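**Student:** Contents of protein-v8.cif (mmCIF, C-alpha atoms) are below:
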```cif
data_data
#
loop_
_atom_site.group_PDB
_atom_site.id
_atom_site.type_symbol
_atom_site.label_atom_id
_atom_site.label_comp_id
_atom_site.auth_asym_id
_atom_site.auth_seq_id
_atom_site.Cartn_x
_atom_site.Cartn_y
_atom_site.Cartn_z
ATOM 1 C CA MET A 90 -22.239 102.994 54.123
ATOM 2 C CA THR A 91 -24.252 105.795 52.521
ATOM 3 C CA ALA A 92 -22.128 108.189 50.492
ATOM 4 C CA ILE A 93 -22.265 111.971 50.725
ATOM 5 C CA SER A 94 -24.094 113.033 47.581
ATOM 6 C CA SER A 95 -25.123 116.643 48.246
ATOM 7 C CA LYS A 96 -23.227 119.916 48.273
ATOM 8 C CA ASP A 97 -25.324 120.826 51.297
ATOM 9 C CA ASN A 98 -23.591 118.194 53.414
ATOM 10 C CA SER A 99 -21.626 119.788 56.280
ATOM 11 C CA ILE A 100 -18.467 117.726 55.658
ATOM 12 C CA TYR A 101 -18.458 118.656 51.969
ATOM 13 C CA LYS A 102 -18.905 122.321 52.856
ATOM 14 C CA MET A 103 -16.069 122.143 55.369
ATOM 15 C CA CYS A 104 -13.743 120.607 52.752
ATOM 16 C CA GLU A 105 -14.535 123.450 50.380
ATOM 17 C CA LYS A 106 -13.927 126.108 53.006
ATOM 18 C CA LEU A 107 -10.612 124.632 54.159
ATOM 19 C CA ALA A 108 -9.104 125.588 50.818
ATOM 20 C CA LEU A 109 -9.004 129.140 52.268
ATOM 21 C CA LYS A 110 -6.686 130.270 55.075
ATOM 22 C CA LYS A 111 -9.385 132.216 56.955
ATOM 23 C CA TYR A 112 -11.397 129.025 57.400
ATOM 24 C CA ARG A 113 -8.328 126.963 58.305
ATOM 25 C CA ASP A 114 -7.743 129.521 61.040
ATOM 26 C CA ARG A 115 -11.412 129.632 62.058
ATOM 27 C CA PHE A 116 -11.828 125.859 62.270
ATOM 28 C CA SER A 117 -8.226 125.241 63.402
ATOM 29 C CA ALA A 118 -8.090 122.428 60.853
ATOM 30 C CA TYR A 119 -6.618 121.661 57.449
ATOM 31 C CA LEU A 120 -6.827 119.130 54.618
ATOM 32 C CA ILE A 121 -4.391 116.359 53.754
ATOM 33 C CA GLU A 122 -4.643 114.130 50.709
ATOM 34 C CA GLY A 123 -3.399 110.742 49.527
ATOM 35 C CA GLU A 124 -2.977 107.285 51.075
ATOM 36 C CA ASN A 125 0.573 107.884 52.299
ATOM 37 C CA LEU A 126 -0.197 111.184 54.024
ATOM 38 C CA VAL A 127 -3.428 109.950 55.591
ATOM 39 C CA GLY A 128 -1.597 106.819 56.735
ATOM 40 C CA GLU A 129 1.166 108.907 58.338
ATOM 41 C CA ALA A 130 -1.415 111.070 60.085
ATOM 42 C CA ILE A 131 -2.976 107.940 61.559
ATOM 43 C CA ASP A 132 0.384 106.418 62.508
ATOM 44 C CA THR A 133 1.599 109.585 64.246
ATOM 45 C CA GLY A 134 -1.603 110.025 66.225
ATOM 46 C CA GLN A 135 -2.875 113.219 64.605
ATOM 47 C CA ASP A 136 -6.332 114.421 65.623
ATOM 48 C CA ILE A 137 -8.274 113.374 62.523
ATOM 49 C CA LEU A 138 -11.791 114.755 62.323
ATOM 50 C CA HIS A 139 -12.933 113.006 59.138
ATOM 51 C CA ILE A 140 -11.489 110.709 56.493
ATOM 52 C CA ILE A 141 -13.244 111.198 53.162
ATOM 53 C CA ILE A 142 -13.047 108.525 50.472
ATOM 54 C CA SER A 143 -14.291 108.795 46.916
ATOM 55 C CA GLN A 144 -16.805 106.140 45.918
ATOM 56 C CA ASP A 145 -14.703 105.631 42.814
ATOM 57 C CA ALA A 146 -11.441 105.030 44.687
ATOM 58 C CA ASP A 147 -9.648 101.734 45.297
ATOM 59 C CA ILE A 148 -8.248 102.268 48.788
ATOM 60 C CA ASP A 149 -6.249 99.699 50.744
ATOM 61 C CA PRO A 150 -8.678 98.388 53.415
ATOM 62 C CA GLY A 151 -5.768 97.998 55.831
ATOM 63 C CA LEU A 152 -5.362 101.752 55.961
ATOM 64 C CA LEU A 153 -8.655 102.240 57.763
ATOM 65 C CA GLU A 154 -8.069 99.343 60.131
ATOM 66 C CA LYS A 155 -5.223 101.273 61.747
ATOM 67 C CA THR A 156 -6.041 102.429 65.268
ATOM 68 C CA GLY A 157 -9.763 102.410 64.561
ATOM 69 C CA ALA A 158 -9.536 105.139 61.933
ATOM 70 C CA GLY A 159 -12.320 103.494 59.961
ATOM 71 C CA GLY A 160 -14.836 104.925 62.405
ATOM 72 C CA LYS A 161 -14.030 108.420 61.105
ATOM 73 C CA ALA A 162 -14.364 107.477 57.432
ATOM 74 C CA VAL A 163 -17.160 108.609 55.157
ATOM 75 C CA PHE A 164 -17.662 107.993 51.464
ATOM 76 C CA MET A 165 -18.380 110.752 49.002
ATOM 77 C CA LYS A 166 -19.855 110.640 45.522
ATOM 78 C CA GLY A 167 -16.980 110.692 43.026
ATOM 79 C CA SER A 168 -18.056 113.854 41.228
ATOM 80 C CA LEU A 169 -18.286 115.736 44.543
ATOM 81 C CA PHE A 170 -14.976 114.371 45.782
ATOM 82 C CA ASP A 171 -13.273 115.618 42.637
ATOM 83 C CA LYS A 172 -14.416 119.148 43.498
ATOM 84 C CA THR A 173 -12.828 118.964 46.956
ATOM 85 C CA ALA A 174 -9.584 117.229 45.902
ATOM 86 C CA GLN A 175 -6.462 119.378 46.026
ATOM 87 C CA THR A 176 -4.671 117.602 43.154
ATOM 88 C CA LYS A 177 -5.575 116.875 39.545
ATOM 89 C CA THR A 178 -4.702 113.187 39.874
ATOM 90 C CA SER A 179 -6.170 112.450 43.286
ATOM 91 C CA GLN A 180 -5.822 109.041 44.929
ATOM 92 C CA GLY A 181 -9.410 109.330 46.123
ATOM 93 C CA ILE A 182 -8.787 109.875 49.824
ATOM 94 C CA LEU A 183 -8.362 112.955 51.985
ATOM 95 C CA ALA A 184 -8.716 113.817 55.633
ATOM 96 C CA ILE A 185 -9.561 116.807 57.784
ATOM 97 C CA VAL A 186 -6.953 117.140 60.528
ATOM 98 C CA SER A 187 -6.912 119.453 63.551
ATOM 99 C CA LYS A 188 -4.021 121.895 63.729
ATOM 100 C CA THR A 189 -1.644 121.389 66.627
ATOM 101 C CA PRO A 190 -0.379 124.917 67.331
ATOM 102 C CA LEU A 191 2.366 125.128 69.916
ATOM 103 C CA GLN A 192 3.181 127.894 72.345
ATOM 104 C CA VAL A 193 6.853 128.652 72.935
ATOM 105 C CA SER A 194 6.359 127.671 76.574
ATOM 106 C CA GLU A 195 5.369 124.172 75.418
ATOM 107 C CA MET A 196 8.522 123.612 73.396
ATOM 108 C CA LYS A 197 10.805 120.831 74.549
ATOM 109 C CA LEU A 198 13.828 120.877 72.292
ATOM 110 C CA PRO A 199 16.208 117.928 72.125
ATOM 111 C CA GLU A 200 19.518 118.722 73.796
ATOM 112 C CA ASN A 201 21.932 120.704 71.590
ATOM 113 C CA SER A 202 19.439 120.672 68.703
ATOM 114 C CA ASN A 203 19.459 123.169 65.854
ATOM 115 C CA VAL A 204 16.610 125.486 64.845
ATOM 116 C CA LEU A 205 15.496 126.682 61.414
ATOM 117 C CA ILE A 206 14.096 130.220 61.298
ATOM 118 C CA LEU A 207 11.872 131.173 58.355
ATOM 119 C CA ASP A 208 12.103 134.928 57.801
ATOM 120 C CA ARG A 209 8.880 135.689 55.892
ATOM 121 C CA ILE A 210 9.226 132.850 53.395
ATOM 122 C CA GLN A 211 6.259 133.003 51.025
ATOM 123 C CA ASP A 212 6.521 130.362 48.313
ATOM 124 C CA PRO A 213 4.496 127.258 49.331
ATOM 125 C CA GLY A 214 6.895 124.867 47.611
ATOM 126 C CA ASN A 215 9.866 126.404 49.401
ATOM 127 C CA LEU A 216 8.053 126.311 52.738
ATOM 128 C CA GLY A 217 7.099 122.662 52.446
ATOM 129 C CA THR A 218 10.534 121.651 51.196
ATOM 130 C CA MET A 219 12.277 123.444 54.076
ATOM 131 C CA ILE A 220 9.990 121.814 56.636
ATOM 132 C CA ARG A 221 10.685 118.406 55.123
ATOM 133 C CA THR A 222 14.448 119.031 54.965
ATOM 134 C CA ALA A 223 14.613 120.298 58.550
ATOM 135 C CA ASP A 224 12.840 117.123 59.653
ATOM 136 C CA ALA A 225 15.230 114.939 57.642
ATOM 137 C CA ALA A 226 18.283 116.813 58.971
ATOM 138 C CA GLY A 227 17.164 116.281 62.569
ATOM 139 C CA TYR A 228 16.497 119.913 63.456
ATOM 140 C CA GLY A 229 14.670 120.406 66.740
ATOM 141 C CA CYS A 230 12.036 122.865 65.572
ATOM 142 C CA ILE A 231 11.116 125.571 63.091
ATOM 143 C CA VAL A 232 10.314 129.171 64.008
ATOM 144 C CA ALA A 233 8.253 131.095 61.442
ATOM 145 C CA VAL A 234 8.410 134.887 61.650
ATOM 146 C CA LYS A 235 5.157 136.794 61.203
ATOM 147 C CA GLY A 236 4.702 137.331 57.465
ATOM 148 C CA THR A 237 5.708 133.758 56.610
ATOM 149 C CA GLY A 238 3.149 131.905 54.502
ATOM 150 C CA ASP A 239 0.573 129.519 55.951
ATOM 151 C CA ILE A 240 2.244 126.183 56.675
ATOM 152 C CA TYR A 241 -1.174 124.476 56.469
ATOM 153 C CA ALA A 242 -1.874 125.610 52.888
ATOM 154 C CA PRO A 243 -2.471 122.617 50.578
ATOM 155 C CA LYS A 244 0.712 123.078 48.516
ATOM 156 C CA VAL A 245 2.836 123.420 51.653
ATOM 157 C CA VAL A 246 1.298 120.324 53.230
ATOM 158 C CA ARG A 247 1.971 118.287 50.073
ATOM 159 C CA ALA A 248 5.571 119.534 49.770
ATOM 160 C CA ALA A 249 6.234 118.811 53.459
ATOM 161 C CA ALA A 250 5.194 115.185 52.823
ATOM 162 C CA GLY A 251 4.245 114.334 56.414
ATOM 163 C CA SER A 252 6.991 116.272 58.174
ATOM 164 C CA LEU A 253 4.392 118.636 59.656
ATOM 165 C CA PHE A 254 3.358 115.692 61.825
ATOM 166 C CA ARG A 255 6.880 115.269 63.215
ATOM 167 C CA ILE A 256 8.704 118.584 63.541
ATOM 168 C CA PRO A 257 7.188 121.345 65.690
ATOM 169 C CA VAL A 258 6.582 124.743 64.093
ATOM 170 C CA VAL A 259 5.990 127.868 66.189
ATOM 171 C CA TYR A 260 5.176 131.405 65.064
ATOM 172 C CA ALA A 261 6.843 134.552 66.349
ATOM 173 C CA ASP A 262 5.314 138.021 66.102
ATOM 174 C CA SER A 263 8.533 139.895 65.375
ATOM 175 C CA ASP A 264 12.261 139.682 64.734
ATOM 176 C CA LYS A 265 12.838 140.876 68.286
ATOM 177 C CA LYS A 266 10.814 137.979 69.702
ATOM 178 C CA VAL A 267 12.802 135.495 67.650
ATOM 179 C CA ILE A 268 16.108 136.926 68.836
ATOM 180 C CA GLU A 269 14.972 136.890 72.470
ATOM 181 C CA LEU A 270 13.817 133.297 72.044
ATOM 182 C CA MET A 271 17.121 132.159 70.548
ATOM 183 C CA ARG A 272 19.032 133.853 73.354
ATOM 184 C CA SER A 273 16.864 132.131 75.963
ATOM 185 C CA TRP A 274 17.472 128.793 74.214
ATOM 186 C CA LYS A 275 21.205 129.561 74.043
ATOM 187 C CA LYS A 276 21.315 129.210 70.273
ATOM 188 C CA LYS A 277 23.938 130.889 68.089
ATOM 189 C CA ILE A 278 22.278 132.871 65.295
ATOM 190 C CA PHE A 279 23.602 132.443 61.750
ATOM 191 C CA CYS A 280 22.506 134.630 58.820
ATOM 192 C CA THR A 281 23.445 134.388 55.175
ATOM 193 C CA SER A 282 24.856 137.641 53.838
ATOM 194 C CA PHE A 283 26.998 138.948 50.994
ATOM 195 C CA ASP A 284 28.774 141.265 53.451
ATOM 196 C CA THR A 285 31.060 138.635 54.945
ATOM 197 C CA GLU A 286 34.129 136.634 53.992
ATOM 198 C CA THR A 287 33.075 133.646 56.118
ATOM 199 C CA MET A 288 31.974 130.693 54.019
ATOM 200 C CA TYR A 289 29.288 128.463 55.485
ATOM 201 C CA TYR A 290 31.660 125.488 55.609
ATOM 202 C CA SER A 291 33.953 127.429 57.960
ATOM 203 C CA ALA A 292 31.165 128.024 60.497
ATOM 204 C CA ASP A 293 30.296 125.617 63.281
ATOM 205 C CA LEU A 294 26.671 124.633 62.657
ATOM 206 C CA SER A 295 27.005 121.259 64.342
ATOM 207 C CA GLN A 296 24.801 122.028 67.354
ATOM 208 C CA ASN A 297 22.826 124.812 69.027
ATOM 209 C CA ALA A 298 22.690 126.737 65.757
ATOM 210 C CA ALA A 299 19.758 128.918 64.691
ATOM 211 C CA VAL A 300 19.879 129.135 60.902
ATOM 212 C CA ILE A 301 17.889 131.985 59.350
ATOM 213 C CA ILE A 302 16.594 131.743 55.778
ATOM 214 C CA GLY A 303 15.323 135.008 54.333
ATOM 215 C CA ASN A 304 12.417 135.999 52.123
ATOM 216 C CA GLU A 305 12.736 134.965 48.466
ATOM 217 C CA GLY A 306 12.799 138.543 47.187
ATOM 218 C CA ASN A 307 14.286 140.578 50.021
ATOM 219 C CA GLY A 308 16.544 138.145 51.846
ATOM 220 C CA VAL A 309 17.133 138.201 55.584
ATOM 221 C CA SER A 310 15.846 141.271 57.432
ATOM 222 C CA GLU A 311 18.306 143.926 58.577
ATOM 223 C CA ASN A 312 17.316 143.265 62.200
ATOM 224 C CA PHE A 313 18.527 139.679 61.974
ATOM 225 C CA ILE A 314 21.703 140.640 60.140
ATOM 226 C CA ARG A 315 22.486 143.224 62.816
ATOM 227 C CA GLU A 316 21.819 140.838 65.721
ATOM 228 C CA ALA A 317 23.359 137.701 64.220
ATOM 229 C CA ASP A 318 26.236 136.036 66.001
ATOM 230 C CA GLU A 319 27.826 135.171 62.679
ATOM 231 C CA LEU A 320 27.252 136.089 59.037
ATOM 232 C CA ILE A 321 28.001 133.370 56.503
ATOM 233 C CA LYS A 322 27.711 132.978 52.767
ATOM 234 C CA ILE A 323 27.394 130.226 50.186
ATOM 235 C CA PRO A 324 29.929 130.600 47.351
ATOM 236 C CA MET A 325 28.512 131.102 43.866
ATOM 237 C CA LYS A 326 30.394 131.293 40.575
ATOM 238 C CA GLY A 327 29.575 132.977 37.294
ATOM 239 C CA GLU A 328 26.752 135.483 37.114
ATOM 240 C CA VAL A 329 24.557 133.788 39.721
ATOM 241 C CA ASP A 330 23.802 136.187 42.581
ATOM 242 C CA SER A 331 21.386 134.115 44.662
ATOM 243 C CA LEU A 332 20.119 130.602 45.271
ATOM 244 C CA ASN A 333 16.595 129.311 45.703
ATOM 245 C CA ALA A 334 15.700 129.678 49.385
ATOM 246 C CA ALA A 335 14.957 125.983 49.868
ATOM 247 C CA VAL A 336 18.225 124.992 48.185
ATOM 248 C CA ALA A 337 20.207 127.373 50.414
ATOM 249 C CA ALA A 338 18.437 126.001 53.481
ATOM 250 C CA ALA A 339 19.244 122.422 52.472
ATOM 251 C CA ILE A 340 22.939 123.222 51.972
ATOM 252 C CA LEU A 341 23.220 124.784 55.419
ATOM 253 C CA MET A 342 21.166 122.181 57.256
ATOM 254 C CA TYR A 343 23.053 119.262 55.771
ATOM 255 C CA HIS A 344 26.316 120.970 56.573
ATOM 256 C CA SER A 345 25.063 120.749 60.178
ATOM 257 C CA VAL A 346 24.541 117.012 59.717
ATOM 258 C CA LEU A 347 28.024 116.537 58.281
ATOM 259 C CA GLN A 348 29.659 118.488 61.101
ATOM 260 C CA ALA A 349 27.644 116.728 63.809
ATOM 261 C CA LYS A 350 28.933 113.376 62.581
ATOM 262 C CA ALA A 351 32.476 114.650 62.908
ATOM 263 C CA ILE A 352 32.273 115.512 66.609
#
```
Go ahead and render the structure in this file as structure tokens.

**Tutor:**
Amino acid sequence: MTAISSKDNSIYKMCEKLALKKYRDRFSAYLIEGENLVGEAIDTGQDILHIIISQDADIDPGLLEKTGAGGKAVFMKGSLFDKTAQTKTSQGILAIVSKTPLQVSEMKLPENSNVLILDRIQDPGNLGTMIRTADAAGYGCIVAVKGTGDIYAPKVVRAAAGSLFRIPVVYADSDKKVIELMRSWKKKIFCTSFDTETMYYSADLSQNAAVIIGNEGNGVSENFIREADELIKIPMKGEVDSLNAAVAAAILMYHSVLQAKAI
């Protein structure tokens, strides 16, 4: 197979452009990288446009035998591939995958499932970690409020480690839309707040809970705090006045898991 060897090649140009959000939005596609992630994309039936392999890479041939994925594979000159790779120590394989945006009307939540609401979370590592944790904790979906970072950014995709392929994420234009949506889904809204005496372990998050995690700098918006069904807090000792957003999310989501096992 002839390898891509020119920067003028359309696939190379697309890889370069997909590093930027405006092109991810324009092409409705994003990049994934590494054997494990590409393998998961194949296994979960993602719409893969191209699989790009460095000429210098030693890739498991069995990976491309899966479901005929080899027909979408192209090789790229090693020096060019290195310019498109998203990591410093690349495994020599990446793929261009179509986004799968969902409309609220298309959502089919598992019965009694919980929902994670991202209130303008910005840090890519936090975003990816929360997506991965929500998937692991069995949450039904994630709702991202307008102002939340791009879930298809390279650092988010890496931190999510394949969970983007499994847990649906929908965007909402405003706090009001989120609240209306949770009411229609019959979810109980929980917000973290300092202005409460209710500890998270006293709240019933076992099912039909909508857990809101606020922006790293500003916390949960006043609209959500005002409309929440219950305000809860995570106890902290010493001089610590806040937790990392992803850590707080993990504590609350796995409290849901613990409670669900008890009922």

**Student:** What does the distance from atom CA of A:Gly151 to atom CA of A:Gln135 come to in Å, to one decimal?

**Tutor:** 17.8 Å

**Student:** Identify the residues around (-2.5, 110.4, 59.7) within a radius of 10 Å, measuring from only C-alpha atoms in the coordinates stated by the file, and give them as a list of chain:residue names.

**Tutor:**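 Those residues lying close to the given coordinates are A:Ile121, A:Glu122, A:Glu124, A:Asn125, A:Leu126, A:Val127, A:Gly128, A:Glu129, A:Ala130, A:Ile131, A:Asp132, A:Thr133, A:Gly134, A:Gln135, A:Asp136, A:Ile137, A:Ile140, A:Leu152, A:Lys155, A:Ala158, A:Ala184, A:Ile185, A:Val186, A:Gly251, A:Phe254.
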
**Student:** Can I get the selection written as a PDB file, in the frame of the given file, with C-alpha atoms?

**Tutor:**
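The resulting result.pdb:
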```pdb
ATOM      1  CA  ILE A 121      -4.391 116.359  53.754  1.00  0.00           C
ATOM      2  CA  GLU A 122      -4.643 114.130  50.709  1.00  0.00           C
ATOM      3  CA  GLU A 124      -2.977 107.285  51.075  1.00  0.00           C
ATOM      4  CA  ASN A 125       0.573 107.884  52.299  1.00  0.00           C
ATOM      5  CA  LEU A 126      -0.197 111.184  54.024  1.00  0.00           C
ATOM      6  CA  VAL A 127      -3.428 109.950  55.591  1.00  0.00           C
ATOM      7  CA  GLY A 128      -1.597 106.819  56.735  1.00  0.00           C
ATOM      8  CA  GLU A 129       1.166 108.907  58.338  1.00  0.00           C
ATOM      9  CA  ALA A 130      -1.415 111.070  60.085  1.00  0.00           C
ATOM     10  CA  ILE A 131      -2.976 107.940  61.559  1.00  0.00           C
ATOM     11  CA  ASP A 132       0.384 106.418  62.508  1.00  0.00           C
ATOM     12  CA  THR A 133       1.599 109.585  64.246  1.00  0.00           C
ATOM     13  CA  GLY A 134      -1.603 110.025  66.225  1.00  0.00           C
ATOM     14  CA  GLN A 135      -2.875 113.219  64.605  1.00  0.00           C
ATOM     15  CA  ASP A 136      -6.332 114.421  65.623  1.00  0.00           C
ATOM     16  CA  ILE A 137      -8.274 113.374  62.523  1.00  0.00           C
ATOM     17  CA  ILE A 140     -11.489 110.709  56.493  1.00  0.00           C
ATOM     18  CA  LEU A 152      -5.362 101.752  55.961  1.00  0.00           C
ATOM     19  CA  LYS A 155      -5.223 101.273  61.747  1.00  0.00           C
ATOM     20  CA  ALA A 158      -9.536 105.139  61.933  1.00  0.00           C
ATOM     21  CA  ALA A 184      -8.716 113.817  55.633  1.00  0.00           C
ATOM     22  CA  ILE A 185      -9.561 116.807  57.784  1.00  0.00           C
ATOM     23  CA  VAL A 186      -6.953 117.140  60.528  1.00  0.00           C
ATOM     24  CA  GLY A 251       4.245 114.334  56.414  1.00  0.00           C
ATOM     25  CA  PHE A 254       3.358 115.692  61.825  1.00  0.00           C
TER      26      PHE A 254
END
```

**Student:** Which residues would end up in the selection if the PyMOL selection byres ((chain A and resi 240) around 8) were applied here, given that I need the answer as a list of chain:residue names?

**Tutor:**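 This file gives the following for the PyMOL selection byres ((chain A and resi 240) around 8): A:Pro213, A:Leu216, A:Gly217, A:Gly238, A:Asp239, A:Tyr241, A:Ala242, A:Val245, A:Val246.
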
**Student:** Pull out every residue that the PyMOL selection byres ((chain A and resi 144) around 10) matches in the shown coordinates and put them as a list of chain:residue names.

**Tutor:** A:Thr91, A:Ala92, A:Ile93, A:Ile141, A:Ile142, A:Ser143, A:Asp145, A:Ala146, A:Asp147, A:Ile148, A:Val163, A:Phe164, A:Met165, A:Lys166, A:Gly167, A:Ser168, A:Leu169, A:Phe170, A:Gly181, A:Ile182

**Student:** Would you mind exporting C-alpha atoms of the selected residues as a CSV table (one decimal), in the coordinates of the input?

**Tutor:**
```
chain,number,residue,atom,x,y,z
A,91,THR,CA,-24.3,105.8,52.5
A,92,ALA,CA,-22.1,108.2,50.5
A,93,ILE,CA,-22.3,112.0,50.7
A,141,ILE,CA,-13.2,111.2,53.2
A,142,ILE,CA,-13.0,108.5,50.5
A,143,SER,CA,-14.3,108.8,46.9
A,145,ASP,CA,-14.7,105.6,42.8
A,146,ALA,CA,-11.4,105.0,44.7
A,147,ASP,CA,-9.6,101.7,45.3
A,148,ILE,CA,-8.2,102.3,48.8
A,163,VAL,CA,-17.2,108.6,55.2
A,164,PHE,CA,-17.7,108.0,51.5
A,165,MET,CA,-18.4,110.8,49.0
A,166,LYS,CA,-19.9,110.6,45.5
A,167,GLY,CA,-17.0,110.7,43.0
A,168,SER,CA,-18.1,113.9,41.2
A,169,LEU,CA,-18.3,115.7,44.5
A,170,PHE,CA,-15.0,114.4,45.8
A,181,GLY,CA,-9.4,109.3,46.1
A,182,ILE,CA,-8.8,109.9,49.8
```

**Student:** Could you check how far atom CA of A:Lys177 sits from atom CA of A:Met103, in Å to one decimal?

**Tutor:**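 It comes out at 19.7 Å.
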
**Student:** Go through A:Leu198, A:Ile206, A:Thr218, A:Ser94 and flag the residue nearest A:Lys244, using all atoms listed in the file for the distances.

**Tutor:** A:Thr218

**Student:** As an exercise, work out the distance from atom CA of A:Ala338 to atom CA of A:Arg315 in Å and give it to one decimal place.

**Tutor:** 20.0 Å

**Student:** Taking into account only C-alpha atoms, which residue in the set A:Asp149, A:Glu319, A:Thr173, A:Gln211 is nearest to A:Asp284?

**Tutor:**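 Under the stated criterion, the closest residue is A:Glu319.
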
**Student:** Quick one: of A:Ser95, A:Asn304, A:Asn297, A:Ser291, who's nearest to A:Lys235, counting only C-alpha atoms?

**Tutor:**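 Ranked by minimum distance to A:Lys235, first place goes to A:Asn304.
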
**Student:** As a check of understanding, name the residues that the PyMOL selection byres ((chain A and resi 264) around 10) selects in the supplied structure, as a VMD selection string.

**Tutor:** chain A and resid 208 234 to 235 261 to 263 265 to 270 310 to 313 316

**Student:** Please produce an output containing C-alpha atoms for each residue in the selection, written as a PDB file, in the frame of the given file.

**Tutor:**
```
ATOM      1  CA  ASP A 208      12.103 134.928  57.801  1.00  0.00           C
ATOM      2  CA  VAL A 234       8.410 134.887  61.650  1.00  0.00           C
ATOM      3  CA  LYS A 235       5.157 136.794  61.203  1.00  0.00           C
ATOM      4  CA  ALA A 261       6.843 134.552  66.349  1.00  0.00           C
ATOM      5  CA  ASP A 262       5.314 138.021  66.102  1.00  0.00           C
ATOM      6  CA  SER A 263       8.533 139.895  65.375  1.00  0.00           C
ATOM      7  CA  LYS A 265      12.838 140.876  68.286  1.00  0.00           C
ATOM      8  CA  LYS A 266      10.814 137.979  69.702  1.00  0.00           C
ATOM      9  CA  VAL A 267      12.802 135.495  67.650  1.00  0.00           C
ATOM     10  CA  ILE A 268      16.108 136.926  68.836  1.00  0.00           C
ATOM     11  CA  GLU A 269      14.972 136.890  72.470  1.00  0.00           C
ATOM     12  CA  LEU A 270      13.817 133.297  72.044  1.00  0.00           C
ATOM     13  CA  SER A 310      15.846 141.271  57.432  1.00  0.00           C
ATOM     14  CA  GLU A 311      18.306 143.926  58.577  1.00  0.00           C
ATOM     15  CA  ASN A 312      17.316 143.265  62.200  1.00  0.00           C
ATOM     16  CA  PHE A 313      18.527 139.679  61.974  1.00  0.00           C
ATOM     17  CA  GLU A 316      21.819 140.838  65.721  1.00  0.00           C
TER      18      GLU A 316
END
```

**Student:** Nearest residue to A:Gly306 out of A:Lys188, A:Arg221, A:Lys350, A:Arg209, using all atoms listed in the file?

**Tutor:** A:Arg209

**Student:** Find the residue from A:Ala248, A:Leu138, A:Ala317, A:Leu120 that sits nearest to A:Ala174; use only C-alpha atoms when measuring.

**Tutor:**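 Of all the options, A:Leu120 lies closest to A:Ala174.
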
**Student:** From the options A:Val204, A:Val259, A:Ala225, A:Ile231, which residue's atoms come nearest to A:Leu191, counting only C-alpha atoms?

**Tutor:**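 Of the candidates, the smallest distance to A:Leu191 is held by A:Val259.
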
**Student:** Show me, as lines of an AutoDock Vina configuration file, the centre and edge lengths in Å to one decimal of the axis-aligned box that covers every listed atom of stretch 313-323 of chain A with 6 Å on each side.

**Tutor:**
```
center_x = 23.3
center_y = 136.7
center_z = 58.1
size_x = 21.5
size_y = 25.0
size_z = 27.8
```

**Student:** So which residues touch A:Gly227 within 8 Å, counting all atoms listed in the file, skipping near sequence neighbours fewer than 3 positions away, as a list in words?

**Tutor:**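 Surrounding residues, per the criterion: Ser202, Asn203, Ala223, Asp224 and Val346 of chain A.
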
**Student:** Please provide the set of residues having any atom within 6 Å of A:Ser282, restricted to all atoms listed in the file, with same-chain residues fewer than 3 positions apart removed, written as JSON, numbers by chain.

**Tutor:** {"A": [320, 321, 322]}
